[in-house]
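Visitor: One structure, as structure tokens, below. Some questions next.
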Amino acid sequence: MTTPAAFASLAALMADPARAAMLTALLSGEALTAGELARVAGIGAPAASAHLARLVEGGLVAVHPQGRHRYHRLASAAVAATLEALGGLAGAVAPARRWPHGEAFRSARLCYDHLAGRLGVAVHAGLVGRGWLSPAAGGWSATPRGEAGLAALGIDLAAARQARRFACDCMDWSERRAHLAGGLGREIAACCLARHWLLRLPGEREGDPMARRRLRLTPEGARCLGEALGVGGLDLAA
């Protein structure tokens, strides 16, 4: 069981605004350099390196050297789920105010390696509503109908089953409803991006840690997801 001291130490790591901005940017699922994370956090390179060293030491971020570069990413899906849950808690306890991050971010975004926002919630609801998923211990399992439908969409079910959890709920902090995480959530997002049903919004907005997570649903994506899962009426298409 986590001790109060360990809990406080972990909370302190995330409490600094610069480190919080870096962690939020890494929820895009991308591996980013210290320079990219410094620009996101609005700080200089030496300060960014010091913050990243603390995050690595605390087990929240992992480093992958490649040639002259060092790429940083969240240490695990568990870290990503914790950050998303904290976002939901922050929204729940903060005073009511206007949504501050833009409708594009609320409509469709990445939560580490799976879909979130209105689109992610709608995909989850569509999978359950069409009878493609059924409740299982700790999450969801694919029904025979679901396996056929997911395979027809091009979802790699074998890869999804290699994950620690095949399919599970992740509470969406902007919508306060569940979107789909686990291996299946990851493979659905990967398929949508590979087929250009979803596009990452271009550009890196300096000082905006959420910019890299925004997605846009293309007309082809809206058609395919609408036909397969009934996802529609969200005004998400480009």
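Ligands are numbered from 1 in the order shown, chains are lettered A, B, ... in the order of the structure tokens, and residues start at 1 in each chain.
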Per residue of stretch 138-187 of chain A within 12 Å of stretch 70-76 of chain A, which atom pair is closest and at what distance in Å (one decimal), using only C-alpha atoms, listed by chain and increasing number, as a Markdown table?
Guide:
| residue | atom | partner | partner_atom | distance |
| --- | --- | --- | --- | --- |
| A:Ala163 | CA | A:Ser76 | CA | 11.8 |
| A:Arg164 | CA | A:Ser76 | CA | 11.2 |
| A:Gly182 | CA | A:Ser76 | CA | 11.8 |
Visitor: Those same residues - C-alpha atoms - I'd like them written as an mmCIF file, in the first residue's frame.
Guide:
data_model
loop_
_atom_site.group_PDB
_atom_site.id
_atom_site.type_symbol
_atom_site.label_atom_id
_atom_site.label_comp_id
_atom_site.auth_asym_id
_atom_site.auth_seq_id
_atom_site.Cartn_x
_atom_site.Cartn_y
_atom_site.Cartn_z
ATOM 1 C CA ALA A 163 -1.883 -5.592 -23.958
ATOM 2 C CA ARG A 164 -2.145 -5.998 -20.194
ATOM 3 C CA GLY A 182 -6.666 -0.870 -23.141
#
Visitor: Can you tell me, as a count of residues only, what residues are no more than 12 Å from stretch 216-229 of chain A when counting only C-alpha atoms, ignoring any on the same chain fewer than 6 positions away?
Guide: 54
Visitor: So what do you get for atom CA of A:Arg176 versus atom CA of A:Gly230, distance-wise?
Guide: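 If I compute the distance from atom CA of A:Arg176 to atom CA of A:Gly230, I get 20.6 Å.
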Visitor: I need the residues in stretch 11-172 of chain A that are helix (DSSP H, G or I) according to DSSP; give them as an MDAnalysis selection string.
Guide: chainID A and resid 11:15 17:26 34:41 45:57 77:93 103:107 117:129 144:153 157:161
Visitor: Name the residues in contact with A:Ala12 at a cut-off of 12 Å, using only C-alpha atoms, excluding same-chain residues fewer than 5 positions from it; report them as an MDAnalysis selection string.
Guide: chainID A and resid 5:7 17 19:20 51 54:55 58
Visitor: Find the residues around A:Ala15 up to 12 Å (only C-alpha atoms counted), leave out those fewer than 6 positions away in its own chain, and share them as a PyMOL selection string.
Guide: chain A and resi 8-9+21-23+51+55+83+86
Visitor: Hey, which of A:Ala85, A:Ala38, A:Ala136, A:Ala159 ends up closest to A:Arg177? Count only C-alpha atoms.
Guide: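 Among A:Ala85, A:Ala38, A:Ala136, A:Ala159, it is A:Ala85 that comes nearest to A:Arg177.
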Visitor: Report the distance between atom CA of A:His64 and atom CA of A:Leu32 in Å, rounded to one decimal place.
Guide: 9.8 Å
Visitor: Which parts of stretch 33-70 of chain A does DSSP call strand (DSSP E or B) when run on the backbone here, written out as a PyMOL selection string?
Guide: chain A and resi 33+61-66+69-70
Visitor: Write the residues of the selection above to a file with N, CA and C atoms, as a PDB file, in the first residue's frame.
Guide:
ATOM      1  N   THR A  33      11.358  15.568 -27.431  1.00  0.00           N
ATOM      2  CA  THR A  33      12.677  15.941 -26.942  1.00  0.00           C
ATOM      3  C   THR A  33      12.542  16.953 -25.815  1.00  0.00           C
ATOM      4  N   VAL A  61       8.156   9.440 -16.209  1.00  0.00           N
ATOM      5  CA  VAL A  61       8.615   9.614 -17.584  1.00  0.00           C
ATOM      6  C   VAL A  61       9.763   8.658 -17.850  1.00  0.00           C
ATOM      7  N   ALA A  62       9.808   8.115 -19.060  1.00  0.00           N
ATOM      8  CA  ALA A  62      10.908   7.254 -19.496  1.00  0.00           C
ATOM      9  C   ALA A  62      11.676   7.955 -20.608  1.00  0.00           C
ATOM     10  N   VAL A  63      12.976   7.680 -20.701  1.00  0.00           N
ATOM     11  CA  VAL A  63      13.844   8.296 -21.704  1.00  0.00           C
ATOM     12  C   VAL A  63      14.310   7.235 -22.688  1.00  0.00           C
ATOM     13  N   HIS A  64      14.290   7.595 -23.979  1.00  0.00           N
ATOM     14  CA  HIS A  64      14.748   6.686 -25.029  1.00  0.00           C
ATOM     15  C   HIS A  64      15.819   7.403 -25.855  1.00  0.00           C
ATOM     16  N   PRO A  65      17.106   7.108 -25.614  1.00  0.00           N
ATOM     17  CA  PRO A  65      18.163   7.722 -26.427  1.00  0.00           C
ATOM     18  C   PRO A  65      18.124   7.197 -27.854  1.00  0.00           C
ATOM     19  N   GLN A  66      18.332   8.089 -28.800  1.00  0.00           N
ATOM     20  CA  GLN A  66      18.397   7.691 -30.210  1.00  0.00           C
ATOM     21  C   GLN A  66      19.364   8.635 -30.908  1.00  0.00           C
ATOM     22  N   HIS A  69      19.909  12.382 -29.891  1.00  0.00           N
ATOM     23  CA  HIS A  69      18.706  12.879 -29.251  1.00  0.00           C
ATOM     24  C   HIS A  69      18.260  11.954 -28.118  1.00  0.00           C
ATOM     25  N   ARG A  70      17.548  12.541 -27.182  1.00  0.00           N
ATOM     26  CA  ARG A  70      16.922  11.801 -26.095  1.00  0.00           C
ATOM     27  C   ARG A  70      15.435  12.129 -26.116  1.00  0.00           C
TER      28      ARG A  70
END
Visitor: Given the choices A:Cys111, A:Leu180, A:Met171, A:Ala45, which gets closest to A:Glu30 if the distance is worked out from only C-alpha atoms?
Guide: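 Ranking A:Cys111, A:Leu180, A:Met171, A:Ala45 by distance to A:Glu30, first place goes to A:Cys111.
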Visitor: Please compute the atom CA of A:Asp156-atom CA of A:Glu187 distance, one decimal, in Å.
Guide: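 Atom-to-atom, atom CA of A:Asp156 and atom CA of A:Glu187 are spaced 6.3 Å apart.
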